[in-house]
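Visitor: What follows is a single structure, and I will ask about it in a moment.
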Amino acid sequence: MQALEEYPCPSCGSELNYDAVKKSLKCLHCGTVIPIQSSTEVLEEKQISIFKNAEKIPIAAVPVVVYKCSKCGQETQEAGDIAFFECRNCGNNVVNPEAYATRSISPTGIIPFKISKQDALDRFTNWIGKGFWNDSDLKKLSLADQLEGHYVPFWTFDCQTENDWSGYSGRYYYETVRRRNANGEEVTEQVRHTDWTWRSGSFSQFFDDVLVCGNKTIPQERINAVYPYQLQDLVVFDEEYLLGWNARAYDKDLSETYRQARRLMDRAIETEAISRLTADTYRDLNVQTTYSGETFKQVIFPVWLCQYLFKGKTYQFIINGQTGAISGNKPLSVSKIATAVVIAILVIVALYFFSKSG
């Protein structure tokens, strides 16, 4: 209980939240704005090899944190890896700085929220309105309660690679041949052949800040859809940025996320090797890669998440909390689709009778 920290407003004693518009702490009651003191510390990459043995230890069960509110006396229980929560009775803000200490690696950097909740809602309204087939009734749905801002753990990976490749490069050429068709007529046609040539080579490729999400509840392909993050905005991690936002420690560790990063690197290396080998086509590609200078950072990025029920079906969307990029699945209008099908059938029928009358 002693580790939990409150951030009362120095003017009125109410709760402070990090405000994405002000880029500072702001009192929810009196509006007092308090800047977060910036750090001059340099964010450094960590050597993966140093942490590999530590990461062989599985993530331990997280203890429950019990908080007795200083304002109302109500006790609140939360998982120990949740970094920010509120008193369930009066809403008093509490930061749990020990949340990230439940993992063997703590975050070093954070990109603070830049997209406010209202901005996120406006972007959703604009996004959902694009596309003729979307259900226009969704514009009337209020999603303010379902939309939540989350600080999501990420891993960034750097790596230098040296790559040797080899394989057969195929170049197409054509021959003109004569044959008789089904009517017995002599025709000519172009027949394609492939001239195969063995080729090999090498290239260097450096990977800088390959991103892998550290939260299992957010599929990597979903987060990929709202990339990129602008990493020049990374600042030294400060728990004050968490005030008012959902935040918890990673549940995908260094070993798991680095395997994902390696797969992303390997696909990029293979694509580059193919581009060097291919003339028109290729076969039997072989790539041998040497990895060096492997480093990482454990960082936190802002994400808006929303899951909502619309006409009996569940839909989701995600918004980059820094850039505002949005992705998700949209409800389709059944009436618009049905009308289009009927019109298409009528056009086909009309064309059929027109051709018969002609």
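The chains in the structure tokens are called A, B, ... from first to last as shown; in each chain the residues are counted from 1, and the ligands are counted from 1 in the order shown.
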Considering only strand (DSSP E or B) as DSSP defines it on the backbone, what residues of range 63-246 of chain A qualify? List them as a PyMOL selection string.

Guide: chain A and resi 64-68+75-79+82+84-86+93-95+109-110+134+148-180+186-213+235-236+246

Visitor: DSSP on the backbone, then: every residue of range 168-316 of chain A marked helix (DSSP H, G or I), written as a ChimeraX atom specification.

Guide: /A:220-224,231-233,239-242,254-277

Visitor: Skipping near chain neighbours, those fewer than 5 positions away, what residues fall within 9 Å of Gln322 in chain A using only C-alpha atoms, listed as a PyMOL selection string?

Guide: chain A and resi 111-115+229-230+301-303

Visitor: If we count only C-alpha atoms and set the cut-off at 9 Å, which residues sit around Ser14 in chain A, ignoring sequence neighbours fewer than 2 positions away in its own chain? Please answer as an mmCIF file with N, CA, C and O atoms, in the first residue's frame.

Guide:
data_model
loop_
_atom_site.group_PDB
_atom_site.id
_atom_site.type_symbol
_atom_site.label_atom_id
_atom_site.label_comp_id
_atom_site.auth_asym_id
_atom_site.auth_seq_id
_atom_site.Cartn_x
_atom_site.Cartn_y
_atom_site.Cartn_z
ATOM 1 N N TYR A 7 -1.830 11.842 -6.815
ATOM 2 C CA TYR A 7 -1.380 13.118 -7.367
ATOM 3 C C TYR A 7 -2.482 14.153 -7.226
ATOM 4 O O TYR A 7 -3.156 14.497 -8.197
ATOM 5 N N PRO A 8 -2.703 14.652 -6.006
ATOM 6 C CA PRO A 8 -3.768 15.657 -5.822
ATOM 7 C C PRO A 8 -3.358 17.005 -6.405
ATOM 8 O O PRO A 8 -2.187 17.362 -6.468
ATOM 9 N N CYS A 9 -4.355 17.761 -6.849
ATOM 10 C CA CYS A 9 -4.119 19.109 -7.369
ATOM 11 C C CYS A 9 -3.608 20.004 -6.231
ATOM 12 O O CYS A 9 -4.214 20.047 -5.154
ATOM 13 N N PRO A 10 -2.515 20.731 -6.450
ATOM 14 C CA PRO A 10 -2.001 21.598 -5.395
ATOM 15 C C PRO A 10 -2.921 22.783 -5.089
ATOM 16 O O PRO A 10 -2.797 23.415 -4.038
ATOM 17 N N SER A 11 -3.860 23.078 -5.992
ATOM 18 C CA SER A 11 -4.759 24.220 -5.789
ATOM 19 C C SER A 11 -6.016 23.844 -5.031
ATOM 20 O O SER A 11 -6.454 24.569 -4.138
ATOM 21 N N CYS A 12 -6.616 22.681 -5.383
ATOM 22 C CA CYS A 12 -7.901 22.334 -4.769
ATOM 23 C C CYS A 12 -7.943 20.935 -4.172
ATOM 24 O O CYS A 12 -8.937 20.565 -3.545
ATOM 25 N N LEU A 16 -5.613 14.969 -10.606
ATOM 26 C CA LEU A 16 -4.895 15.417 -11.798
ATOM 27 C C LEU A 16 -4.898 14.307 -12.829
ATOM 28 O O LEU A 16 -4.732 13.132 -12.489
ATOM 29 N N CYS A 27 -6.009 19.598 -13.674
ATOM 30 C CA CYS A 27 -6.963 19.261 -12.620
ATOM 31 C C CYS A 27 -8.346 19.061 -13.218
ATOM 32 O O CYS A 27 -8.824 19.883 -14.016
ATOM 33 N N LEU A 28 -9.010 17.979 -12.821
ATOM 34 C CA LEU A 28 -10.351 17.696 -13.330
ATOM 35 C C LEU A 28 -11.401 18.636 -12.742
ATOM 36 O O LEU A 28 -12.507 18.734 -13.277
ATOM 37 N N HIS A 29 -11.058 19.303 -11.644
ATOM 38 C CA HIS A 29 -12.049 20.152 -10.962
ATOM 39 C C HIS A 29 -11.854 21.636 -11.258
ATOM 40 O O HIS A 29 -12.758 22.304 -11.757
ATOM 41 N N CYS A 30 -10.656 22.163 -10.989
ATOM 42 C CA CYS A 30 -10.446 23.607 -11.114
ATOM 43 C C CYS A 30 -9.698 24.008 -12.380
ATOM 44 O O CYS A 30 -9.563 25.186 -12.681
ATOM 45 N N ASN A 92 -10.923 8.638 -7.051
ATOM 46 C CA ASN A 92 -9.611 9.201 -6.750
ATOM 47 C C ASN A 92 -8.525 8.459 -7.533
ATOM 48 O O ASN A 92 -8.495 7.237 -7.573
#

Visitor: Kindly give the distance, in Å, that separates CA of Asp280 in chain A and CA of Trp196 in chain A, rounded to a single decimal.

Guide: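 These two atoms are separated by 10.2 Å.
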
Visitor: Compare A:Lys46, A:Gly321, A:Val66, A:Tyr291 by their minimum atom-to-atom distance to Asp266 in chain A, counting only C-alpha atoms, and give me the closest one.

Guide: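 Of A:Lys46, A:Gly321, A:Val66, A:Tyr291, the one nearest Asp266 in chain A, counting only C-alpha atoms, is A:Tyr291.
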
Visitor: With the cut-off set at 9 Å and counting only C-alpha atoms, tabulate each residue of range 216-305 of chain A with an atom at most that distance from an atom of range 167-176 of chain A, showing the nearest atom pair and its distance in Å to one decimal, ordered by chain and increasing number, as a Markdown table.

Guide:
| residue | atom | partner | partner_atom | distance |
| --- | --- | --- | --- | --- |
| A:Leu277 | CA | A:Ser169 | CA | 5.7 |
| A:Thr278 | CA | A:Ser169 | CA | 5.2 |
| A:Ala279 | CA | A:Arg171 | CA | 5.5 |
| A:Asp280 | CA | A:Arg171 | CA | 5.1 |
| A:Thr281 | CA | A:Gly170 | CA | 4.9 |
| A:Tyr282 | CA | A:Ser169 | CA | 4.7 |
| A:Arg283 | CA | A:Tyr168 | CA | 5.3 |
| A:Asp284 | CA | A:Gly167 | CA | 5.1 |
| A:Leu285 | CA | A:Gly167 | CA | 4.4 |
| A:Asn286 | CA | A:Gly167 | CA | 6.2 |
| A:Val287 | CA | A:Gly167 | CA | 8.9 |

Visitor: Restricting the output to N, CA and C atoms, write the selected residues as a compact mmCIF listing (two decimals), in the first residue's frame.

Guide:
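Ended up saving to selection-v2.txt:
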# COMPACT_ATOMS: atom_id res chain seq x y z
N LEU A 277 17.70 -11.29 -56.96
CA LEU A 277 17.83 -12.52 -57.75
C LEU A 277 16.97 -12.50 -59.00
N THR A 278 15.76 -11.97 -58.87
CA THR A 278 14.75 -12.12 -59.92
C THR A 278 15.04 -11.28 -61.15
N ALA A 279 14.89 -11.91 -62.32
CA ALA A 279 14.79 -11.17 -63.59
C ALA A 279 13.29 -11.06 -63.91
N ASP A 280 12.69 -12.19 -64.31
CA ASP A 280 11.23 -12.26 -64.45
C ASP A 280 10.62 -13.16 -63.38
N THR A 281 11.41 -14.17 -62.95
CA THR A 281 10.95 -15.08 -61.92
C THR A 281 12.18 -15.68 -61.24
N TYR A 282 11.97 -16.56 -60.27
CA TYR A 282 13.11 -17.18 -59.57
C TYR A 282 12.68 -18.53 -59.01
N ARG A 283 13.70 -19.30 -58.57
CA ARG A 283 13.41 -20.56 -57.88
C ARG A 283 14.62 -20.92 -57.00
N ASP A 284 14.38 -21.81 -56.05
CA ASP A 284 15.43 -22.37 -55.18
C ASP A 284 16.23 -21.29 -54.46
N LEU A 285 15.52 -20.26 -53.97
CA LEU A 285 16.22 -19.21 -53.24
C LEU A 285 16.74 -19.75 -51.92
N ASN A 286 17.98 -19.42 -51.59
CA ASN A 286 18.57 -19.76 -50.30
C ASN A 286 19.22 -18.50 -49.73
N VAL A 287 18.90 -18.18 -48.47
CA VAL A 287 19.46 -17.00 -47.81
C VAL A 287 20.09 -17.42 -46.49

Visitor: Looking at A:Ile128, A:Leu305, A:Val21, A:Ala247, which one is nearest to Glu86 in chain A, with distances taken over only C-alpha atoms?

Guide: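 Smallest separation from Glu86 in chain A among the options: A:Ala247.
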
Visitor: Between A:Val191, A:Leu211, A:Ile319, A:Leu309, single out the one closest to Phe296 in chain A, counting only C-alpha atoms.

Guide: A:Leu211

Visitor: Which residues come within 10 Å of Ser116 in chain A, counting only C-alpha atoms, excluding same-chain residues fewer than 5 positions away, as a list in words?

Guide: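 With the cut-off at 10 Å, the set is Asp19, Ala20, Val21, Lys22, Leu121, Asp122, Gly149, Trp304, Gly321, Gln322 and Gly324 of chain A.
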
Visitor: Got a sec: who's within 8 Å of Glu240 in chain A, counting only C-alpha atoms, leaving out chain neighbours fewer than 5 positions off, as a list in words?

Guide: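 Listed by chain and then number, they are Tyr18, Leu25 and Ile36 of chain A.
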
Visitor: Store the residues of this selection in a file with N, CA and C atoms, as a compact mmCIF listing (two decimals), in the first residue's frame.

Guide:
# COMPACT_ATOMS: atom_id res chain seq x y z
N TYR A 18 -3.33 13.41 -16.98
CA TYR A 18 -2.50 13.91 -18.08
C TYR A 18 -3.44 14.31 -19.21
N LEU A 25 -0.22 17.97 -16.90
CA LEU A 25 -1.23 17.52 -15.96
C LEU A 25 -2.28 18.62 -15.82
N ILE A 36 4.76 18.71 -16.91
CA ILE A 36 5.59 17.60 -16.47
C ILE A 36 7.04 17.96 -16.76

Visitor: Considering only C-alpha atoms, state which residue in the set A:Thr217, A:Ser49, A:Ser106, A:Ser292 is at the smallest distance from Thr161 in chain A.

Guide: A:Ser292
